[in-house]
$ cat target.cif   # mmCIF, C-alpha atoms
data_upload
loop_
_atom_site.label_atom_id
_atom_site.label_comp_id
_atom_site.auth_asym_id
_atom_site.auth_seq_id
_atom_site.Cartn_x
_atom_site.Cartn_y
_atom_site.Cartn_z
CA MET A 809 9.28 10.72 47.59
CA LEU A 810 6.36 11.46 45.29
CA GLY A 811 7.04 15.16 45.59
CA PHE A 812 10.68 14.60 44.65
CA LEU A 813 9.75 12.62 41.55
CA SER A 814 7.12 15.07 40.35
CA ASN A 815 7.96 17.38 37.46
CA PRO A 816 7.66 21.00 38.68
CA PHE A 817 7.39 22.43 35.15
CA ASP A 818 5.44 19.52 33.67
CA THR A 819 7.96 19.52 30.83
CA THR A 820 9.01 16.71 28.54
CA GLN A 821 12.64 17.87 28.48
CA THR A 822 14.92 14.92 29.22
CA PRO A 823 18.39 14.72 30.70
CA HIS A 824 21.13 15.16 28.10
CA SER A 825 19.00 17.49 25.97
CA GLY A 826 21.87 19.98 25.76
CA TYR A 827 25.10 19.88 23.80
CA HIS A 828 27.81 17.74 25.46
CA TRP A 829 31.08 18.97 24.01
CA ASP A 830 33.42 20.24 26.76
CA HIS A 831 35.65 22.25 24.36
CA SER A 832 38.50 19.78 24.75
CA SER A 833 40.52 18.38 21.85
CA ARG A 834 39.64 14.73 22.49
CA ARG A 835 37.88 12.77 19.78
CA PHE A 836 34.19 13.69 20.01
CA PHE A 837 30.95 13.46 18.09
CA GLU A 838 27.33 14.31 18.73
CA GLY A 839 24.38 13.33 16.59
CA TRP A 840 20.66 14.13 16.58
CA TYR A 841 17.78 12.27 14.95
CA TYR A 842 14.36 13.76 14.14
CA ARG A 843 11.64 11.69 12.54
CA VAL A 844 8.13 12.50 11.31
CA THR A 845 5.70 9.86 10.00
CA LEU A 846 2.94 10.71 7.53
CA PRO A 847 0.31 7.96 7.85
CA ASP A 848 -1.89 9.35 5.06
CA GLU A 849 1.05 9.20 2.66
CA ASP A 850 2.40 5.91 4.01
CA GLN A 851 5.82 7.61 4.18
CA SER A 852 8.31 8.87 6.76
CA PHE A 853 11.17 11.35 6.89
CA ALA A 854 14.20 11.05 9.15
CA PHE A 855 16.56 14.01 9.61
CA MET A 856 20.01 13.17 10.99
CA TYR A 857 22.38 15.93 12.11
CA SER A 858 25.95 15.40 13.31
CA ILE A 859 29.10 17.22 14.34
CA GLU A 860 32.55 15.67 14.75
CA ASP A 861 35.66 17.06 16.45
CA PRO A 862 34.13 20.54 16.80
CA ILE A 863 37.40 22.01 18.04
CA GLY A 864 38.35 22.13 14.35
CA GLY A 865 41.57 21.48 12.49
CA LYS A 866 41.36 17.69 12.72
CA SER A 867 41.00 15.21 9.88
CA HIS A 868 37.40 14.39 10.83
CA SER A 869 36.27 17.87 11.90
CA GLY A 870 32.96 18.87 10.33
CA GLY A 871 29.23 18.34 10.30
CA ALA A 872 26.52 16.87 8.12
CA ALA A 873 22.79 16.67 7.56
CA GLN A 874 21.34 13.44 6.20
CA ILE A 875 17.74 12.75 5.25
CA LEU A 876 16.04 9.40 4.72
CA GLY A 877 12.96 10.33 2.73
CA PRO A 878 10.02 8.78 0.84
CA ASN A 879 10.54 5.16 -0.17
CA ASP A 880 13.82 5.20 1.79
CA GLU A 881 15.45 7.64 -0.64
CA TYR A 882 18.57 9.36 0.63
CA LEU A 883 20.03 12.87 0.62
CA CYS A 884 23.15 14.16 2.35
CA ARG A 885 24.96 17.49 2.68
CA THR A 886 28.23 18.01 4.55
CA PHE A 887 29.21 21.21 6.39
CA PRO A 888 33.01 21.26 6.77
CA GLU A 889 33.19 24.55 8.72
CA VAL A 890 32.72 23.70 12.40
CA LYS A 891 32.59 27.40 13.32
CA ASN A 892 29.22 27.60 11.58
CA PHE A 893 27.75 25.02 13.95
CA TRP A 894 26.00 26.16 17.13
CA ALA A 895 24.25 24.33 19.98
CA LYS A 896 22.98 25.12 23.46
CA PRO A 897 24.44 23.28 26.48
CA ASP A 898 21.25 23.45 28.58
CA VAL A 899 18.37 22.78 26.20
CA LEU A 900 17.78 21.03 22.89
CA ALA A 901 18.76 23.66 20.33
CA LEU A 902 21.28 23.37 17.50
CA GLY A 903 21.97 24.37 13.95
CA HIS A 904 24.56 24.49 11.19
CA TRP A 905 24.89 27.13 8.50
CA GLY A 906 26.30 26.40 5.07
CA GLN A 907 25.67 28.96 2.35
CA THR A 908 24.04 32.16 3.60
CA ASN A 909 22.75 35.46 2.30
CA LEU A 910 23.38 37.73 5.26
CA GLU A 911 24.33 40.97 3.49
CA GLY A 912 22.48 43.91 4.96
CA ARG A 913 20.97 41.97 7.79
CA GLY A 914 22.58 44.33 10.30
CA GLN A 915 23.41 43.94 13.92
CA ARG A 916 20.49 42.77 16.03
CA GLU A 917 19.70 41.55 19.49
CA SER A 918 18.54 37.96 19.19
CA GLU A 919 16.34 36.63 21.93
CA VAL A 920 15.58 33.06 21.03
CA PRO A 921 11.78 32.68 20.95
CA MET A 922 10.55 30.46 23.77
CA LYS A 923 7.83 29.04 21.55
CA ASN A 924 10.45 27.25 19.48
CA LEU A 925 12.90 26.16 22.17
CA THR A 926 10.97 25.24 25.29
CA PRO A 927 9.17 21.92 25.56
CA SER A 928 5.56 22.63 26.44
CA PRO A 929 3.58 21.18 29.31
CA SER A 930 2.01 17.84 28.55
CA PRO A 931 -1.20 18.40 26.54
CA CYS A 932 -2.99 15.57 28.36
CA GLN A 933 -4.39 16.15 31.80
CA GLY A 934 -7.36 14.32 33.23
CA GLU A 935 -10.34 13.06 31.31
CA GLY A 936 -10.76 13.96 27.68
CA CYS A 937 -7.05 13.54 26.90
CA PRO A 938 -6.74 14.01 23.12
CA ILE A 939 -3.76 11.69 22.65
CA GLY A 940 -5.92 8.65 22.03
CA ARG A 941 -7.54 10.48 19.10
CA GLY A 942 -4.16 11.56 17.76
CA GLU A 943 -5.00 15.25 18.14
CA VAL A 944 -3.28 18.02 20.03
CA THR A 945 -3.84 21.76 20.01
CA PHE A 946 -0.64 23.71 19.39
CA ASN A 947 -1.02 26.07 22.31
CA SER A 948 1.26 28.74 23.78
CA LYS A 949 3.72 27.80 26.52
CA SER A 950 3.25 28.66 30.16
CA ARG A 951 4.91 31.92 31.24
CA ARG A 952 6.41 30.19 34.24
CA GLU A 953 8.29 27.78 32.01
CA GLU A 954 9.30 30.57 29.63
CA SER A 955 10.90 32.56 32.42
CA PHE A 956 12.74 29.43 33.60
CA PHE A 957 14.55 29.10 30.27
CA HIS A 958 14.77 32.79 29.36
CA LYS A 959 18.23 33.47 30.80
CA LEU A 960 19.62 30.36 29.13
CA LEU A 961 18.52 31.39 25.67
CA SER A 962 18.73 35.17 25.45
CA GLN A 963 21.87 36.54 23.85
CA THR A 964 23.23 39.43 21.82
CA LEU A 965 24.96 38.28 18.65
CA PRO A 966 26.71 39.90 15.71
CA ASP A 967 24.92 39.63 12.43
CA THR A 968 27.06 36.85 10.96
CA GLN A 969 27.61 34.59 13.96
CA PRO A 970 25.61 31.35 13.61
CA CYS A 971 22.66 31.32 15.98
CA TYR A 972 18.98 30.53 16.18
CA LEU A 973 16.88 32.55 13.74
CA GLU A 974 13.17 33.06 13.68
CA PRO A 975 11.77 30.72 11.00
CA GLU A 976 11.01 33.57 8.60
CA GLU A 977 14.56 34.91 8.94
CA PHE A 978 16.07 31.48 8.50
CA GLU A 979 14.15 30.97 5.28
CA ARG A 980 15.26 34.39 4.04
CA TYR A 981 18.96 34.22 4.85
CA ILE A 982 20.06 30.56 4.98
CA GLN A 983 20.56 28.88 1.60
CA GLN A 984 22.06 25.66 2.98
CA GLY A 985 21.71 24.54 6.58
CA TYR A 986 19.34 23.60 9.36
CA GLN A 987 18.16 24.52 12.84
CA ALA A 988 16.33 22.29 15.30
CA THR A 989 14.89 22.59 18.81
CA ALA A 990 12.48 20.63 20.97
CA THR A 991 9.55 22.12 19.07
CA LEU A 992 10.92 23.10 15.65
CA ASN A 993 12.77 21.40 12.81
CA GLN A 994 13.72 23.55 9.81
CA GLY A 995 16.25 23.48 7.02
CA ILE A 996 17.28 23.32 3.39
CA ILE A 997 19.94 21.11 1.81
CA SER A 998 20.74 20.08 -1.75
CA ASP A 999 23.14 17.80 -3.59
CA PRO A 1000 25.00 19.89 -6.19
CA SER A 1001 25.87 16.81 -8.23
CA THR A 1002 22.26 15.67 -8.72
CA SER A 1003 20.18 18.83 -8.07
CA GLN A 1004 18.14 16.87 -5.55
CA TYR A 1005 17.03 18.93 -2.58
CA CYS A 1006 14.84 19.07 0.49
CA ARG A 1007 13.30 22.03 2.33
CA TRP A 1008 11.38 21.55 5.55
CA GLN A 1009 9.76 23.41 8.39
CA TYR A 1010 7.52 21.92 11.03
CA GLU A 1011 6.52 22.57 14.62
CA ILE A 1012 6.40 19.79 17.19
CA GLN A 1013 4.11 19.42 20.19
CA PRO A 1014 5.91 16.98 22.55
CA VAL A 1015 3.68 14.34 24.13
CA TYR A 1016 6.08 11.84 25.72
CA GLY A 1017 9.72 12.46 26.67
CA TRP A 1018 11.33 9.43 28.27
CA GLY A 1019 9.37 8.51 31.37
CA ASN A 1020 5.91 8.73 32.88
CA GLN A 1021 3.91 11.85 32.09
CA ARG A 1022 4.19 14.68 34.62
CA SER A 1023 7.18 12.95 36.24
CA ILE A 1024 10.87 13.73 36.13
CA GLN A 1025 12.14 12.45 32.78
CA GLN A 1026 14.78 9.75 32.72
CA SER A 1027 18.17 9.13 31.15
CA THR A 1028 17.79 6.39 28.57
CA ALA A 1029 20.93 4.63 29.76
CA GLY A 1030 20.39 5.36 33.46
CA TRP A 1031 22.62 7.42 35.72
CA LEU A 1032 25.75 5.78 34.29
CA SER A 1033 25.16 7.72 31.08
CA PHE A 1034 26.61 10.76 32.88
CA LEU A 1035 30.05 9.08 33.00
CA GLN A 1036 32.48 9.19 30.10
CA ILE A 1037 33.56 5.60 30.73
CA PHE A 1038 30.19 4.50 29.31
CA GLU A 1039 30.33 5.80 25.76
CA PRO A 1040 28.72 6.57 23.47
CA GLY A 1041 25.77 8.04 25.33
CA TRP A 1042 22.26 7.54 24.00
CA GLN A 1043 19.15 9.53 24.91
CA ILE A 1044 15.61 9.39 23.55
CA LEU A 1045 14.66 13.06 23.58
CA MET A 1046 11.01 12.67 22.62
CA ALA A 1047 9.40 9.24 22.39
CA HIS A 1048 6.30 10.74 20.84
CA GLY A 1049 5.05 14.09 19.65
CA LEU A 1050 2.72 15.55 17.04
CA ALA A 1051 4.05 17.64 14.17
CA ARG A 1052 2.51 20.31 11.96
CA GLY A 1053 4.15 21.82 8.90
CA TRP A 1054 5.54 20.92 5.50
CA ILE A 1055 8.38 19.15 3.69
CA ASP A 1056 9.35 19.87 0.08
CA TRP A 1057 11.12 16.81 -1.32
CA ASN A 1058 12.45 17.48 -4.82
CA GLY A 1059 9.41 19.54 -5.74
CA LYS A 1060 6.77 17.38 -4.08
CA ARG A 1061 5.31 19.22 -1.10
CA TYR A 1062 4.01 17.23 1.86
CA GLU A 1063 1.78 19.14 4.27
CA PHE A 1064 0.73 17.58 7.54
CA THR A 1065 -0.94 18.16 10.89
CA ASN A 1066 -0.79 15.93 13.97
CA ALA A 1067 1.83 13.70 12.33
CA PRO A 1068 3.70 11.37 14.73
CA ALA A 1069 7.14 12.80 15.55
CA TYR A 1070 10.17 11.40 17.35
CA GLY A 1071 13.64 12.52 18.48
CA GLU A 1072 16.82 11.03 19.94
CA LYS A 1073 20.56 11.71 20.14
CA ASN A 1074 23.94 10.12 20.87
CA TRP A 1075 27.34 11.53 21.75
CA GLY A 1076 30.79 10.76 23.07
CA GLY A 1077 34.40 10.00 22.30
CA ALA A 1078 33.96 6.28 21.68
CA PHE A 1079 31.91 4.46 19.05
CA PRO A 1080 29.85 1.26 19.18
CA GLN A 1081 31.23 -1.71 17.27
CA LYS A 1082 27.84 -3.11 16.30
CA TRP A 1083 24.22 -2.18 16.96
CA PHE A 1084 20.54 -2.62 16.08
CA TRP A 1085 17.51 -0.38 16.54
CA ALA A 1086 13.73 -0.31 16.09
CA ASN A 1087 11.38 2.63 16.48
CA CYS A 1088 7.68 3.21 15.83
CA ASN A 1089 5.07 5.66 17.11
CA SER A 1090 2.50 5.33 14.32
CA PHE A 1091 -0.04 2.56 14.93
CA SER A 1092 -3.34 2.88 13.08
CA ASP A 1093 -5.45 1.16 15.76
CA THR A 1094 -3.40 2.32 18.75
CA PRO A 1095 -2.43 5.98 18.27
CA ASP A 1096 -1.28 6.49 21.86
CA LEU A 1097 1.67 4.11 21.62
CA ALA A 1098 5.39 4.68 21.11
CA LEU A 1099 8.17 2.09 21.02
CA THR A 1100 11.93 2.44 20.86
CA ALA A 1101 14.22 -0.57 21.22
CA GLY A 1102 17.86 -1.14 20.52
CA GLY A 1103 21.10 -2.73 21.52
CA GLY A 1104 24.79 -2.58 20.85
CA ARG A 1105 28.30 -3.72 21.63
CA ARG A 1106 30.38 -0.95 23.10
CA GLY A 1107 33.60 -0.46 24.99
CA VAL A 1108 33.58 0.08 28.75
CA LEU A 1109 37.05 0.85 30.09
CA TRP A 1110 39.08 -2.18 28.94
CA TRP A 1111 36.26 -4.61 28.10
CA MET A 1112 33.39 -4.90 25.65
CA GLU A 1113 29.77 -5.33 26.68
CA SER A 1114 26.58 -6.09 24.77
CA VAL A 1115 23.44 -4.42 26.09
CA ALA A 1116 19.88 -3.87 24.88
CA MET A 1117 16.68 -2.16 26.02
CA ILE A 1118 13.00 -1.75 25.15
CA GLY A 1119 10.98 1.34 26.06
CA ILE A 1120 7.22 1.71 25.60
CA HIS A 1121 4.97 4.71 26.24
CA TYR A 1122 1.26 3.90 26.35
CA GLN A 1123 -1.71 5.73 27.88
CA GLY A 1124 0.51 8.04 29.91
CA LYS A 1125 2.65 5.25 31.37
CA PHE A 1126 6.26 4.31 30.66
CA TYR A 1127 7.22 0.63 30.49
CA GLU A 1128 10.99 0.31 30.72
CA PHE A 1129 12.94 -2.88 30.11
CA VAL A 1130 16.65 -2.28 30.71
CA PRO A 1131 19.52 -4.48 31.94
CA TRP A 1132 19.29 -3.23 35.53
CA ASN A 1133 15.58 -4.08 35.95
CA SER A 1134 14.80 -6.75 33.35
CA GLN A 1135 16.04 -9.69 31.35
CA VAL A 1136 16.38 -8.59 27.74
CA SER A 1137 17.11 -11.00 24.89
CA TRP A 1138 17.39 -10.60 21.13
CA ASN A 1139 17.86 -12.42 17.84
CA ILE A 1140 18.73 -10.01 15.02
CA GLN A 1141 19.31 -11.25 11.48
CA PRO A 1142 21.94 -9.56 9.29
CA TRP A 1143 18.95 -7.92 7.59
CA GLY A 1144 15.23 -8.57 7.44
CA LYS A 1145 14.16 -9.66 10.93
CA TRP A 1146 14.49 -8.16 14.42
CA GLN A 1147 13.21 -10.20 17.39
CA MET A 1148 13.36 -9.03 20.99
CA GLN A 1149 11.87 -10.20 24.27
CA ALA A 1150 12.10 -8.76 27.75
CA GLN A 1151 10.57 -9.41 31.15
CA ASN A 1152 10.76 -8.16 34.69
CA SER A 1153 8.80 -8.90 37.84
CA HIS A 1154 5.64 -7.19 36.53
CA TYR A 1155 5.61 -7.18 32.72
CA GLU A 1156 6.67 -9.04 29.61
CA VAL A 1157 7.06 -7.75 26.07
CA GLU A 1158 7.72 -9.34 22.68
CA LEU A 1159 8.35 -7.54 19.44
CA THR A 1160 9.16 -8.62 15.90
CA GLY A 1161 10.22 -6.28 13.13
CA THR A 1162 10.49 -7.47 9.55
CA THR A 1163 11.13 -6.06 6.09
CA ASP A 1164 11.37 -7.34 2.53
CA LEU A 1165 12.87 -4.04 1.39
CA PRO A 1166 16.60 -3.73 0.73
CA GLY A 1167 17.03 -0.77 3.08
CA THR A 1168 19.27 2.23 2.52
CA LEU A 1169 22.89 2.70 3.55
CA LEU A 1170 23.43 5.67 5.88
CA ARG A 1171 26.53 7.37 7.20
CA ALA A 1172 27.38 7.39 10.89
CA PRO A 1173 30.26 8.85 12.93
CA THR A 1174 33.05 6.31 13.47
CA GLU A 1175 36.69 6.28 14.51
CA ASN A 1176 37.41 6.88 10.83
CA GLY A 1177 34.94 9.72 10.40
CA LEU A 1178 31.47 9.85 8.89
CA ILE A 1179 31.16 6.75 6.70
CA PHE A 1180 28.49 4.39 5.38
CA CYS A 1181 28.18 1.78 8.12
CA CYS A 1182 24.49 1.22 8.81
CA ARG A 1183 21.38 0.15 6.89
CA ASP A 1184 17.89 1.52 7.54
CA THR A 1185 14.30 1.39 6.43
CA LEU A 1186 11.39 3.50 7.65
CA GLN A 1187 8.82 1.11 6.18
CA GLY A 1188 9.30 -1.97 8.35
CA GLN A 1189 6.53 -4.19 9.68
CA LEU A 1190 6.21 -4.39 13.46
CA ASN A 1191 4.22 -6.60 15.80
CA ILE A 1192 4.33 -5.92 19.52
CA GLU A 1193 2.63 -7.47 22.53
CA LEU A 1194 2.87 -6.23 26.11
CA ARG A 1195 1.60 -8.37 28.98
CA GLU A 1196 1.20 -7.87 32.72
CA LYS A 1197 1.89 -10.67 35.18
CA LYS A 1198 -1.03 -11.17 37.56
CA ASN A 1199 -1.58 -14.08 39.94
CA ASN A 1200 0.67 -16.42 37.96
CA GLN A 1201 -1.14 -15.48 34.77
CA GLN A 1202 -0.52 -13.03 31.97
CA GLU A 1203 -2.96 -10.33 30.97
CA ILE A 1204 -2.47 -8.63 27.59
CA ILE A 1205 -2.14 -4.86 27.98
CA LEU A 1206 -1.69 -4.13 24.29
CA LYS A 1207 -1.24 -5.92 21.01
CA ALA A 1208 -0.45 -3.74 18.02
CA HIS A 1209 0.85 -3.74 14.45
CA SER A 1210 2.41 -1.09 12.24
CA SER A 1211 3.86 -0.88 8.74
CA ALA A 1212 5.79 2.31 9.55
CA CYS A 1213 8.54 0.94 11.77
CA GLY A 1214 12.07 2.26 11.56
CA LEU A 1215 14.57 -0.61 11.53
CA GLU A 1216 18.36 -0.41 11.53
CA ILE A 1217 21.52 -2.47 11.81
CA GLY A 1218 24.96 -0.92 12.07
CA GLY A 1219 28.62 -1.67 12.47
CA GLY A 1220 29.64 -5.27 12.16
CA PRO A 1221 30.41 -7.91 11.33
CA TRP A 1222 26.92 -9.09 10.35
CA ASN A 1223 27.81 -12.44 8.79
CA ASN A 1224 25.33 -14.31 10.96
CA ALA A 1225 22.39 -13.64 13.24
CA TRP A 1226 23.27 -11.81 16.47
CA GLN A 1227 21.74 -13.62 19.42
CA SER A 1228 21.98 -12.69 23.07
CA HIS A 1229 23.50 -15.22 25.46
#
$ encode --input "target.cif" --output "structure tokens"
Amino acid sequence: MLGFLSNPFDTTQTPHSGYHWDHSSRRFFEGWYYRVTLPDEDQSFAFMYSIEDPIGGKSHSGGAAQILGPNDEYLCRTFPEVKNFWAKPDVLALGHWGQTNLEGRGQRESEVPMKNLTPSPSPCQGEGCPIGRGEVTFNSKSRREESFFHKLLSQTLPDTQPCYLEPEEFERYIQQGYQATATLNQGIISDPSTSQYCRWQYEIQPVYGWGNQRSIQQSTAGWLSFLQIFEPGWQILMAHGLARGWIDWNGKRYEFTNAPAYGEKNWGGAFPQKWFWANCNSFSDTPDLALTAGGGRRGVLWWMESVAMIGIHYQGKFYEFVPWNSQVSWNIQPWGKWQMQAQNSHYEVELTGTTDLPGTLLRAPTENGLIFCCRDTLQGQLNIELREKKNNQQEIILKAHSSACGLEIGGGPWNNAWQSH
């Protein structure tokens, strides 16, 4: 059994990393979320990419890139042409081109560089693991893992067909658009009406996927997430990583190294009615800690269900609290306070997220297209405590605080607090 559960490539790639669209005409969306936190600046950036009805020709067909930036400022650019969107079905790799400058580029054979598409082996092995110090060396990937993905990613493409570009080429030819993989996030968007813009390029060294290190990574929603009757799907792609690069936000350039990074996605043909979410992987006194928690009300066949989960990565171990192995409860205010508790036979966890900030309205895919239907902040306060049950007593494993927690509510109605029953 241990051999079956081991990870032969020591990769952080999770299930559902690839693009899910089956080329049918049914209602469909897929969305990706990349976040980087800059502790020295006391700021965060969240990049949200989405595509709806990619078959084209429908009222909601199109894509978008949204950014939640410093002090929860907001920037959005839509990309109506679905043919300019591309994504890989087997690995995390996607992009959308808007305005381009491709004249004279010429026909070329494009072999997607492994260094930007393949999750690397875990940087921590044995004693001296650098995660606790918040440092990772951006090393080259193993040749064995490169060869594993090579056939999936190599392709010959005409000069104007949207595809992955080397970062230098992307910066030269793409005037509006983005591209993102497991280890790269790059793009440029602007708002023509306000002249606000953002340019970004950073590499990511994955540390935690979704599961124990050096083990097979898990589906966030369990094996049922492979079935269309449980929609939308939700997958944390990278619970924690370290980023190196730069972001130019309206002329202010942020440069960073070893900045906490995070990634997740959702997809499907159905949409949640109401949801909440909390995420943080930047704790000043506990750098090797990542939390993602959330819940929602979604349709399953002909009924509605409310579910929630809490996932914690700490010191190489994954603590999972989900409906099939734990009791999870919550009390979420319409805005300002998120409280969750969970316990199973071995562990208990409590978390409280709070904010005095107004938050920022964001767009999300819905039955009626991409509309403002959720509120976020990246500057929430978070307190978390994880305990282990031992001999009828509780031993504290960790107790941590952060002022860089992402907090969200979405859907509705939110007239009153939402409490689990």
$ resolve_selection --input "target.cif" --expression "the PyMOL selection byres ((chain A and resi 1176) around 12)" --output "list in words"
Arg835, Phe836, Phe837, Glu860, Asp861, Lys866, Ser867, His868, Ser869, Ala1078, Phe1079, Arg1171, Ala1172, Pro1173, Thr1174, Glu1175, Gly1177, Leu1178, Ile1179, Phe1180 and Cys1181 of chain A
$ residues_around --input "target.cif" --residues "Trp1083 of chain A" --least-positions-apart "3" --cutoff "9 Å" --atoms "all atoms listed in the file" --output "PDB file with C-alpha atoms, in the frame of the given file"
ATOM      1  CA  PRO A1080      29.850   1.260  19.180  1.00  0.00           C
ATOM      2  CA  GLY A1102      17.860  -1.140  20.520  1.00  0.00           C
ATOM      3  CA  GLY A1103      21.100  -2.730  21.520  1.00  0.00           C
ATOM      4  CA  GLY A1104      24.790  -2.580  20.850  1.00  0.00           C
ATOM      5  CA  ARG A1105      28.300  -3.720  21.630  1.00  0.00           C
ATOM      6  CA  ARG A1106      30.380  -0.950  23.100  1.00  0.00           C
ATOM      7  CA  CYS A1182      24.490   1.220   8.810  1.00  0.00           C
ATOM      8  CA  GLU A1216      18.360  -0.410  11.530  1.00  0.00           C
ATOM      9  CA  ILE A1217      21.520  -2.470  11.810  1.00  0.00           C
ATOM     10  CA  GLY A1218      24.960  -0.920  12.070  1.00  0.00           C
ATOM     11  CA  GLY A1219      28.620  -1.670  12.470  1.00  0.00           C
ATOM     12  CA  GLY A1220      29.640  -5.270  12.160  1.00  0.00           C
TER      13      GLY A1220
END
$ closest_residue --input "target.cif" --among "A:Trp1226, A:Trp1075, A:Phe1064, A:Tyr1122" --to "Gln1141 of chain A" --atoms "only C-alpha atoms"
A:Trp1226
$ closest_residue --input "target.cif" --among "A:Pro1068, A:Pro1095, A:Gly985, A:Pro1131" --to "Ala872 of chain A" --atoms "all atoms listed in the file"
A:Gly985
$ resolve_selection --input "target.cif" --expression "the PyMOL selection byres ((chain A and resi 1038-1055) around 6)" --output "JSON, numbers by chain"
{"A": [822, 1007, 1008, 1009, 1010, 1011, 1012, 1013, 1014, 1015, 1016, 1017, 1028, 1033, 1035, 1036, 1037, 1056, 1061, 1062, 1063, 1064, 1065, 1066, 1067, 1068, 1069, 1070, 1071, 1072, 1073, 1074, 1075, 1076, 1078, 1079, 1108]}
$ atom_distance --input "target.cif" --atom1 "atom CA of Gly870 of chain A" --atom2 "atom CA of Trp1222 of chain A"
28.6 Å
$ residues_near_point --input "target.cif" --point "(25.1, 22.8, 18.8)" --cutoff "9 Å" --atoms "all atoms listed in the file" --output "ChimeraX atom specification"
/A:826-829,838,859,893-897,900-904
$ atom_distance --input "target.cif" --atom1 "atom CA of Leu1186 of chain A" --atom2 "atom CA of Asn993 of chain A"
18.7 Å
$ atom_distance --input "target.cif" --atom1 "atom CA of Ile996 of chain A" --atom2 "atom CA of Ile982 of chain A"
7.9 Å
$ closest_residue --input "target.cif" --among "A:Thr1002, A:Asn1133, A:Thr1168, A:Thr845" --to "Phe1091 of chain A" --atoms "only C-alpha atoms"
A:Thr845
$ resolve_selection --input "target.cif" --expression "the PyMOL selection byres ((chain A and resi 1188) around 8)" --output "VMD selection string"
chain A and resid 1161 to 1163 1185 to 1187 1189 to 1190 1210 to 1215
$ closest_atom_pairs --input "target.cif" --of "segment 1060-1110 of chain A" --to "segment 1194-1208 of chain A" --cutoff "9 Å" --atoms "only C-alpha atoms" --output "JSON lines"
{"residue": "A:Phe1091", "atom": "CA", "partner": "A:Ala1208", "partner_atom": "CA", "distance": 7.0}
{"residue": "A:Ser1092", "atom": "CA", "partner": "A:Ala1208", "partner_atom": "CA", "distance": 8.8}
{"residue": "A:Asp1093", "atom": "CA", "partner": "A:Ala1208", "partner_atom": "CA", "distance": 7.4}
{"residue": "A:Thr1094", "atom": "CA", "partner": "A:Ala1208", "partner_atom": "CA", "distance": 6.8}
{"residue": "A:Leu1097", "atom": "CA", "partner": "A:Ala1208", "partner_atom": "CA", "distance": 8.9}
$ closest_residue --input "target.cif" --among "A:Asn1089, A:Val1130, A:Glu1193, A:Arg1183" --to "Val1157 of chain A" --atoms "all atoms listed in the file"
A:Glu1193
$ residues_around --input "target.cif" --residues "Cys884 of chain A" --least-positions-apart "5" --cutoff "8 Å" --atoms "all atoms listed in the file" --output "JSON, numbers by chain"
{"A": [872, 873, 874, 875, 997, 998, 999]}
$ closest_residue --input "target.cif" --among "A:Trp1138, A:Arg834, A:Ser852, A:Arg843" --to "Gly864 of chain A" --atoms "only C-alpha atoms"
A:Arg834
